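Visitor: Sharing my_file_20.tsv, TSV, C-alpha atoms:
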```tsv
chain	number	residue	atom	x	y	z
L	264	MET	CA	116.27	74.02	125.47
L	265	ASN	CA	113.49	71.73	126.67
L	266	GLU	CA	110.09	71.87	125.06
L	267	LEU	CA	107.72	74.38	126.63
L	268	ASN	CA	103.98	73.78	126.55
L	269	ILE	CA	102.04	76.99	127.21
L	270	LEU	CA	98.31	76.88	127.89
L	271	GLY	CA	96.67	79.99	126.43
L	272	ILE	CA	93.31	81.47	127.44
L	273	GLU	CA	91.36	84.09	125.46
L	274	SER	CA	88.01	85.59	126.49
L	275	SER	CA	88.30	89.27	125.61
L	276	CYS	CA	85.05	89.54	123.61
L	277	ASP	CA	82.68	86.86	122.30
L	278	GLU	CA	84.99	83.90	121.76
L	279	THR	CA	85.97	81.55	124.55
L	280	SER	CA	89.20	79.86	123.54
L	281	VAL	CA	91.83	77.65	125.18
L	282	SER	CA	94.89	76.30	123.43
L	283	VAL	CA	98.15	74.49	124.03
L	284	VAL	CA	101.15	75.84	122.10
L	285	LYS	CA	104.56	74.18	122.05
L	286	ASN	CA	107.65	76.39	121.81
L	287	GLY	CA	105.66	79.42	120.64
L	288	ARG	CA	104.88	78.18	117.14
L	289	GLU	CA	103.46	74.68	117.17
L	290	VAL	CA	99.75	74.52	117.99
L	291	LEU	CA	98.86	71.28	119.74
L	292	SER	CA	95.24	72.36	120.22
L	293	ASN	CA	93.18	75.51	119.73
L	294	VAL	CA	89.57	75.14	120.82
L	295	ILE	CA	87.29	78.09	120.07
L	296	HIS	CA	83.70	78.47	121.24
L	297	SER	CA	82.04	81.29	119.29
L	298	GLN	CA	79.00	83.23	120.49
L	299	ILE	CA	78.14	84.77	117.10
L	300	ASP	CA	74.76	83.03	116.84
L	301	ILE	CA	73.78	84.24	120.32
L	302	HIS	CA	74.65	87.92	119.68
L	303	LYS	CA	73.35	87.97	116.10
L	304	GLU	CA	69.77	88.67	117.18
L	305	TYR	CA	70.94	91.78	119.09
L	306	GLY	CA	72.94	93.16	116.16
L	307	GLY	CA	76.20	93.15	118.13
L	308	VAL	CA	77.93	91.80	121.22
L	309	VAL	CA	76.02	92.19	124.50
L	310	PRO	CA	78.74	92.32	127.22
L	311	GLU	CA	76.69	90.73	130.03
L	312	ILE	CA	75.63	87.81	127.84
L	313	ALA	CA	79.21	87.35	126.61
L	314	SER	CA	80.53	87.13	130.19
L	315	ARG	CA	77.89	84.60	131.19
L	316	CYS	CA	78.64	82.42	128.16
L	317	HIS	CA	82.38	82.45	128.93
L	318	THR	CA	81.67	81.35	132.51
L	319	GLU	CA	79.47	78.49	131.32
L	320	VAL	CA	81.93	76.95	128.87
L	321	ILE	CA	85.50	77.84	129.87
L	322	ASN	CA	86.19	74.78	132.04
L	323	GLN	CA	84.84	72.43	129.39
L	324	ILE	CA	86.89	74.20	126.67
L	325	MET	CA	90.06	73.86	128.78
L	326	LYS	CA	89.53	70.11	129.21
L	327	GLN	CA	88.91	69.72	125.48
L	328	ALA	CA	92.10	71.63	124.65
L	329	LEU	CA	94.17	69.35	126.91
L	330	LYS	CA	92.53	66.27	125.42
L	331	GLU	CA	93.24	67.38	121.84
L	332	ALA	CA	96.84	68.20	122.78
L	333	ASN	CA	97.12	64.78	124.41
L	334	LEU	CA	98.61	66.36	127.54
L	335	SER	CA	97.76	66.51	131.23
L	336	LEU	CA	97.87	69.63	133.39
L	337	LYS	CA	101.15	68.31	134.87
L	338	GLU	CA	102.74	68.68	131.44
L	339	ILE	CA	101.78	72.37	131.12
L	340	ASP	CA	104.69	74.74	131.84
L	341	ALA	CA	102.75	78.01	132.21
L	342	VAL	CA	99.29	79.53	131.90
L	343	SER	CA	99.02	82.61	129.69
L	344	VAL	CA	95.88	84.73	129.49
L	345	ALA	CA	94.68	87.82	127.64
L	346	TYR	CA	94.02	90.48	130.31
L	347	GLY	CA	93.21	93.37	127.94
L	348	PRO	CA	92.09	95.17	125.94
L	349	GLY	CA	88.50	94.00	125.63
L	350	LEU	CA	85.20	93.86	127.48
L	351	VAL	CA	85.94	94.03	131.19
L	352	GLY	CA	83.44	91.35	132.25
L	353	ALA	CA	84.53	88.97	129.51
L	354	LEU	CA	88.22	89.48	130.29
L	355	LEU	CA	87.61	88.87	134.00
L	356	VAL	CA	86.30	85.38	133.31
L	357	GLY	CA	89.51	84.35	131.56
L	358	VAL	CA	91.81	86.14	134.00
L	359	SER	CA	90.09	84.68	137.08
L	360	TYR	CA	90.14	81.20	135.59
L	361	ALA	CA	93.82	81.49	134.58
L	362	LYS	CA	94.83	82.71	138.05
L	363	ALA	CA	93.01	79.84	139.76
L	364	LEU	CA	94.50	77.30	137.34
L	365	SER	CA	98.03	78.68	137.67
L	366	TYR	CA	97.75	78.60	141.48
L	367	ALA	CA	96.32	75.07	141.51
L	368	ILE	CA	98.97	73.51	139.25
L	369	LYS	CA	101.80	75.68	140.69
L	370	LYS	CA	102.93	76.93	137.28
L	371	PRO	CA	103.76	80.51	136.22
L	372	LEU	CA	101.00	82.92	135.24
L	373	ILE	CA	101.63	85.14	132.21
L	374	GLY	CA	99.42	88.14	131.42
L	375	VAL	CA	99.26	88.81	127.67
L	376	ASN	CA	98.16	91.87	125.72
L	377	HIS	CA	95.45	90.72	123.32
L	378	ILE	CA	96.85	92.97	120.55
L	379	GLU	CA	100.32	91.45	120.91
L	380	GLY	CA	98.56	88.13	120.52
L	381	HIS	CA	97.24	89.12	117.10
L	382	ILE	CA	100.80	89.97	116.01
L	383	ALA	CA	102.03	86.58	117.27
L	384	ALA	CA	99.40	84.74	115.18
L	385	ASN	CA	101.79	85.32	112.28
L	386	TYR	CA	104.54	83.30	114.02
L	387	ILE	CA	102.25	80.28	114.07
L	388	THR	CA	101.44	80.47	110.35
L	389	HIS	CA	104.92	81.58	109.26
L	390	LYS	CA	107.50	79.60	111.24
L	391	GLU	CA	110.31	81.53	109.53
L	392	LEU	CA	109.08	85.01	110.52
L	393	GLU	CA	111.28	86.84	113.02
L	394	PRO	CA	111.40	90.48	114.17
L	395	PRO	CA	112.03	93.18	113.16
L	396	PHE	CA	109.07	93.78	110.82
L	397	LEU	CA	106.13	96.12	110.32
L	398	CYS	CA	102.73	94.91	111.44
L	399	LEU	CA	99.32	96.37	110.60
L	400	ILE	CA	96.75	95.35	113.21
L	401	ILE	CA	93.22	95.68	111.83
L	402	SER	CA	90.25	94.54	113.89
L	403	GLY	CA	86.87	95.58	115.27
L	404	GLY	CA	88.49	97.63	118.00
L	405	HIS	CA	91.92	98.52	116.62
L	406	THR	CA	93.78	99.93	113.66
L	407	HIS	CA	97.46	100.13	114.62
L	408	LEU	CA	100.63	100.33	112.56
L	409	VAL	CA	103.38	98.85	114.72
L	410	LYS	CA	107.12	98.34	114.36
L	411	VAL	CA	107.87	94.97	115.94
L	412	ASN	CA	111.43	95.38	117.25
L	413	ASP	CA	111.50	92.11	119.18
L	414	TYR	CA	109.06	89.45	120.35
L	415	THR	CA	108.04	91.56	123.34
L	416	ASN	CA	109.14	95.03	122.18
L	417	PHE	CA	106.80	97.18	120.08
L	418	GLU	CA	106.72	100.73	118.78
L	419	ILE	CA	103.41	102.26	117.67
L	420	LEU	CA	103.97	104.28	114.50
L	421	GLY	CA	100.34	105.18	113.81
L	422	LYS	CA	96.80	104.38	114.94
L	423	THR	CA	93.23	105.40	114.27
L	424	ARG	CA	92.10	108.73	115.68
L	425	ASP	CA	88.45	107.67	115.75
L	426	ASP	CA	86.86	104.45	114.51
L	427	ALA	CA	88.70	101.19	113.99
L	428	ILE	CA	88.42	99.77	110.48
L	429	GLY	CA	86.35	96.84	111.78
L	430	GLU	CA	83.81	99.29	113.21
L	431	ALA	CA	83.54	100.90	109.78
L	432	PHE	CA	82.86	97.51	108.16
L	433	ASP	CA	80.15	96.75	110.73
L	434	LYS	CA	78.58	100.20	110.27
L	435	VAL	CA	78.46	99.83	106.47
L	436	ALA	CA	76.86	96.40	106.85
L	437	ARG	CA	74.27	97.77	109.29
L	438	VAL	CA	73.40	100.79	107.13
L	439	ILE	CA	72.71	98.72	104.01
L	440	GLY	CA	70.92	95.97	105.93
L	441	LEU	CA	73.44	93.11	105.81
L	442	GLY	CA	73.31	92.44	109.55
L	443	TYR	CA	75.91	91.15	112.01
L	444	PRO	CA	78.77	90.26	111.82
L	445	GLY	CA	79.34	92.85	109.11
L	446	GLY	CA	82.88	92.21	107.89
L	447	PRO	CA	82.41	88.82	106.20
L	448	LYS	CA	79.08	89.92	104.67
L	449	VAL	CA	80.57	93.08	103.14
L	450	ASP	CA	83.49	91.03	101.79
L	451	LYS	CA	81.15	88.50	100.17
L	452	LEU	CA	78.84	91.07	98.56
L	453	ALA	CA	81.78	93.21	97.37
L	454	LYS	CA	82.84	90.39	95.02
L	455	GLU	CA	79.71	91.11	92.92
L	456	GLY	CA	80.28	94.88	92.63
L	457	GLU	CA	82.27	97.47	90.71
L	458	PRO	CA	84.32	100.11	92.59
L	459	ASN	CA	82.57	103.00	90.84
L	460	ILE	CA	81.60	105.13	93.87
L	461	ILE	CA	84.06	107.83	94.93
L	462	LEU	CA	84.46	107.97	98.70
L	463	PRO	CA	86.62	110.32	100.83
L	464	LYS	CA	90.07	109.32	102.06
L	465	THR	CA	91.58	110.80	105.18
L	466	HIS	CA	95.35	111.22	105.42
L	467	PHE	CA	97.47	112.95	108.05
L	468	GLU	CA	101.05	114.21	108.03
L	469	ASN	CA	101.96	111.37	110.36
L	470	LEU	CA	100.98	107.67	110.10
L	471	ASP	CA	97.59	107.90	111.86
L	472	PHE	CA	94.30	106.66	110.36
L	473	SER	CA	90.70	107.88	110.39
L	474	PHE	CA	87.63	105.98	109.24
L	475	SER	CA	84.82	108.18	110.55
L	476	GLY	CA	84.75	110.24	107.32
L	477	ILE	CA	84.23	107.29	104.98
L	478	LYS	CA	81.67	105.82	107.39
L	479	THR	CA	79.66	109.05	107.46
L	480	ALA	CA	79.90	109.45	103.68
L	481	ILE	CA	78.40	105.99	103.13
L	482	LEU	CA	75.65	106.70	105.67
L	483	ASN	CA	74.70	109.94	103.88
L	484	LEU	CA	74.99	108.43	100.39
L	485	TYR	CA	72.74	105.52	101.19
L	486	HIS	CA	70.12	107.60	103.00
L	487	LYS	CA	69.91	109.98	100.04
L	488	ASN	CA	69.81	107.13	97.53
L	489	PRO	CA	68.54	103.85	99.04
L	490	ASP	CA	68.45	102.29	95.55
L	491	LEU	CA	72.24	102.53	95.33
L	492	ASN	CA	73.82	99.22	94.27
L	493	LYS	CA	74.89	97.58	97.54
L	494	ALA	CA	77.62	95.46	95.94
L	495	ASP	CA	79.16	98.53	94.29
L	496	LEU	CA	79.05	100.36	97.61
L	497	CYS	CA	80.77	97.46	99.39
L	498	ILE	CA	83.63	97.11	96.90
L	499	SER	CA	84.06	100.92	96.70
L	500	PHE	CA	84.31	101.02	100.49
L	501	GLU	CA	86.80	98.12	100.59
L	502	LYS	CA	88.95	99.68	97.87
L	503	THR	CA	89.06	103.13	99.49
L	504	ALA	CA	89.71	101.80	103.00
L	505	THR	CA	92.45	99.47	101.70
L	506	GLU	CA	94.14	102.35	99.88
L	507	MET	CA	94.31	104.25	103.17
L	508	LEU	CA	95.87	101.23	104.88
L	509	LEU	CA	98.38	100.70	102.06
L	510	THR	CA	99.42	104.37	101.87
L	511	ASN	CA	100.46	104.54	105.53
L	512	THR	CA	102.02	101.08	105.56
L	513	LEU	CA	104.21	101.81	102.53
L	514	LYS	CA	105.10	105.23	103.93
L	515	ALA	CA	106.27	103.55	107.15
L	516	ALA	CA	108.13	100.81	105.28
L	517	LYS	CA	110.14	103.40	103.33
L	518	GLU	CA	110.69	105.62	106.37
L	519	TYR	CA	112.01	102.78	108.55
L	520	GLY	CA	113.66	100.73	105.79
L	521	MET	CA	111.50	97.63	106.36
L	522	ASP	CA	110.76	95.04	103.69
L	523	LYS	CA	108.79	92.62	105.90
L	524	ILE	CA	105.12	93.54	106.34
L	525	ALA	CA	102.62	91.51	108.37
L	526	ILE	CA	98.89	92.08	108.79
L	527	CYS	CA	96.76	90.59	111.53
L	528	GLY	CA	93.47	90.93	113.43
L	529	GLY	CA	89.93	90.01	112.40
L	530	VAL	CA	89.83	92.33	109.37
L	531	SER	CA	92.98	90.71	107.95
L	532	ALA	CA	90.66	87.85	106.94
L	533	ASN	CA	89.14	90.19	104.32
L	534	SER	CA	89.98	88.77	100.88
L	535	TYR	CA	90.33	92.16	99.14
L	536	ILE	CA	92.74	93.50	101.78
L	537	ARG	CA	94.77	90.27	101.75
L	538	GLN	CA	95.19	90.31	97.99
L	539	SER	CA	96.04	94.01	97.92
L	540	PHE	CA	98.83	93.50	100.44
L	541	LEU	CA	100.02	90.34	98.73
L	542	ASP	CA	100.42	92.40	95.54
L	543	LEU	CA	103.19	94.33	97.34
L	544	GLU	CA	105.42	91.28	96.84
L	545	LYS	CA	105.76	92.37	93.19
L	546	ASP	CA	107.63	95.40	94.54
L	547	GLY	CA	110.02	93.32	96.64
L	548	TYR	CA	108.20	93.29	99.97
L	549	ARG	CA	107.68	90.09	101.96
L	550	VAL	CA	104.08	89.92	103.13
L	551	TYR	CA	102.70	87.77	105.94
L	552	TYR	CA	99.24	87.15	107.31
L	553	PRO	CA	97.78	84.43	109.57
L	554	ASP	CA	95.60	81.52	108.52
L	555	ILE	CA	91.94	82.58	108.47
L	556	LYS	CA	91.19	80.71	111.71
L	557	LEU	CA	93.95	82.67	113.47
L	558	CYS	CA	92.76	86.11	112.29
L	559	THR	CA	89.84	86.28	114.71
L	560	ASP	CA	90.24	85.95	118.49
L	561	ASN	CA	91.83	82.67	119.54
L	562	ALA	CA	93.96	81.32	122.38
L	563	ALA	CA	96.79	79.95	120.21
L	564	MET	CA	98.05	83.49	119.64
L	565	ILE	CA	97.94	84.09	123.43
L	566	GLY	CA	99.96	80.90	124.00
L	567	ALA	CA	102.50	82.04	121.39
L	568	VAL	CA	103.09	85.35	123.20
L	569	GLY	CA	103.21	83.46	126.50
L	570	TYR	CA	106.17	81.43	125.24
L	571	TYR	CA	108.29	84.50	124.46
L	572	LYS	CA	107.36	86.13	127.77
L	573	TYR	CA	108.28	82.87	129.55
L	574	LEU	CA	111.77	82.97	127.98
L	575	LYS	CA	112.24	86.48	129.40
L	576	LYS	CA	110.68	85.46	132.73
L	577	GLU	CA	107.99	88.14	132.34
L	578	PHE	CA	105.57	86.51	134.77
L	579	SER	CA	102.48	87.93	136.45
L	580	ASP	CA	101.32	87.41	140.02
L	581	LEU	CA	97.86	86.82	141.45
L	582	THR	CA	97.11	90.56	141.50
L	583	LEU	CA	96.73	90.39	137.69
L	584	ASN	CA	93.47	92.08	136.74
L	585	ALA	CA	91.49	92.79	133.59
L	586	VAL	CA	92.50	96.06	131.87
L	587	PRO	CA	89.81	96.84	129.26
L	588	ASN	CA	91.75	99.77	127.74
L	589	LEU	CA	95.18	98.18	127.87
L	590	LYS	CA	97.65	99.82	125.47
L	591	ILE	CA	100.28	97.98	123.47
```
As structure tokens, how would this structure be written, given the file I've shared?

Guide:
Amino acid sequence: MNELNILGIESSCDETSVSVVKNGREVLSNVIHSQIDIHKEYGGVVPEIASRCHTEVINQIMKQALKEANLSLKEIDAVSVAYGPGLVGALLVGVSYAKALSYAIKKPLIGVNHIEGHIAANYITHKELEPPFLCLIISGGHTHLVKVNDYTNFEILGKTRDDAIGEAFDKVARVIGLGYPGGPKVDKLAKEGEPNIILPKTHFENLDFSFSGIKTAILNLYHKNPDLNKADLCISFEKTATEMLLTNTLKAAKEYGMDKIAICGGVSANSYIRQSFLDLEKDGYRVYYPDIKLCTDNAAMIGAVGYYKYLKKEFSDLTLNAVPNLKI
């Protein structure tokens, strides 16, 4: 088959990203414009500001991605874009831009689920990885345990009933005064602590998760005892949360007879979680996770999904719209 160059566009939250991906796994360019410094002073992402920033930079980011890939628009075979889930205004910028670009260059438009993109980030890092496998998606907005049956076929085995794990990280960081973004700061401080604080774990009969209990416990603990060692609290939180993730993942692996386990999403960049999952290889599991730069939102993962949808001719038309609560 001929080479396929898919242009990917991602604008679901506070990163504007455009990439060019060849044949689903080779990244020719992946330009990411982050808004972290802008939102930092507000303690979190402000949707209206995020949308405005996407609008200001997206055209420039697209041109840079083409330049780095050393390709012209004529050499692009399709335009893929994340149309959900995410912030509706932010998503609309990417979707509107992708539709206009697809129409102008007369190439197929491919709407991509942002969550499926996170799964596909593993294909870029691990060229040998093929379905079926288990995938744990852990991010600021999602905690999903998914059976990946095929490149475009997914089965949700379990998900959070309340907060996503990334929300819990951000809440812990806020409570103890680490600021935004919380995840990396908790991870860094945890390296100096001892996991000597007992925190509650929530488990269900099925494979669902819950992080509201541990979040509330930390809030109450810290308010009652503000002199509590912050590093100890961070590592105790990481350890407890990771144990919850591991319990359900291993339960699913045994239940479905899977020995390939992938993790993805922004929280998969956490060093403690990565190492804990990597330790499963001692028990015969094969563990995969994306390069750090592919854990957070990026367009390369959207281009990767676009390739597999292109092969199945799963194209979108110009009625494609942003779906902020899009399900996998």

Visitor: Which residue, L:Glu338, L:Asp542, L:Glu379, L:Glu430, has the smallest gap to L:Phe417 when you use all atoms listed in the file?

Guide: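 That would be L:Glu379, the residue with the smallest distance to L:Phe417.
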
Visitor: Which of these, L:Asp490, L:Glu273, L:Asp450, L:Asp300, has the shortest distance to L:Asp433 once you count all atoms listed in the file?

Guide: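 Nearest to L:Asp433: L:Asp450.
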
Visitor: Of the candidates L:Ile400, L:Cys316, L:Ala427, L:Ala353, which shows the shortest atom-to-atom distance to L:Ile477, using all atoms listed in the file?

Guide: L:Ala427

Visitor: Residues at most 7 Å from stretch 404-410 of chain L, counting only C-alpha atoms, excluding those fewer than 5 positions away in the same chain, as an mmCIF file with C-alpha atoms, keeping the file's coordinate frame?

Guide:
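What landed in around-v8.cif:
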```cif
data_model
loop_
_atom_site.group_PDB
_atom_site.id
_atom_site.type_symbol
_atom_site.label_atom_id
_atom_site.label_comp_id
_atom_site.auth_asym_id
_atom_site.auth_seq_id
_atom_site.Cartn_x
_atom_site.Cartn_y
_atom_site.Cartn_z
ATOM 1 C CA PHE L 396 109.070 93.780 110.820
ATOM 2 C CA LEU L 397 106.130 96.120 110.320
ATOM 3 C CA CYS L 398 102.730 94.910 111.440
ATOM 4 C CA LEU L 399 99.320 96.370 110.600
ATOM 5 C CA PHE L 417 106.800 97.180 120.080
ATOM 6 C CA GLU L 418 106.720 100.730 118.780
ATOM 7 C CA ILE L 419 103.410 102.260 117.670
ATOM 8 C CA LEU L 420 103.970 104.280 114.500
ATOM 9 C CA GLY L 421 100.340 105.180 113.810
ATOM 10 C CA LYS L 422 96.800 104.380 114.940
ATOM 11 C CA THR L 423 93.230 105.400 114.270
ATOM 12 C CA ALA L 427 88.700 101.190 113.990
ATOM 13 C CA ILE L 428 88.420 99.770 110.480
ATOM 14 C CA GLY L 429 86.350 96.840 111.780
ATOM 15 C CA GLU L 430 83.810 99.290 113.210
#
```

Visitor: Skipping near chain neighbours, those fewer than 2 positions away, what residues fall within 8 Å of L:Pro348 using only C-alpha atoms, listed as a ChimeraX atom specification?

Guide: /L:275,345-346,350,376-378,586-590

Visitor: When distances are computed from only C-alpha atoms, which of L:Leu496, L:Val284, L:Val294, L:Leu452 shows the smallest separation from L:Gln323?

Guide: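 For L:Gln323, the nearest of the given residues is L:Val294.
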
Visitor: To one decimal place in Å, what is the distance between atom CA of L:Gly374 and atom CA of L:Leu557?

Guide: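 Computing the Euclidean distance for atom CA of L:Gly374 and atom CA of L:Leu557 yields 19.5 Å.
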
Visitor: Smallest atom-to-atom distance to L:Gly446: which of L:Arg424, L:Ile536, L:Pro371, L:His381, using only C-alpha atoms?

Guide: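 Counting only C-alpha atoms, the residue closest to L:Gly446 is L:Ile536.
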
Visitor: Separation of atom CA of L:Tyr552 and atom CA of L:Met507, in Å?

Guide: 18.3 Å

Visitor: From the list L:Ser274, L:Asn333, L:Asn268, L:Ser579, which residue is nearest L:Asn286 when using only C-alpha atoms?

Guide: L:Asn268
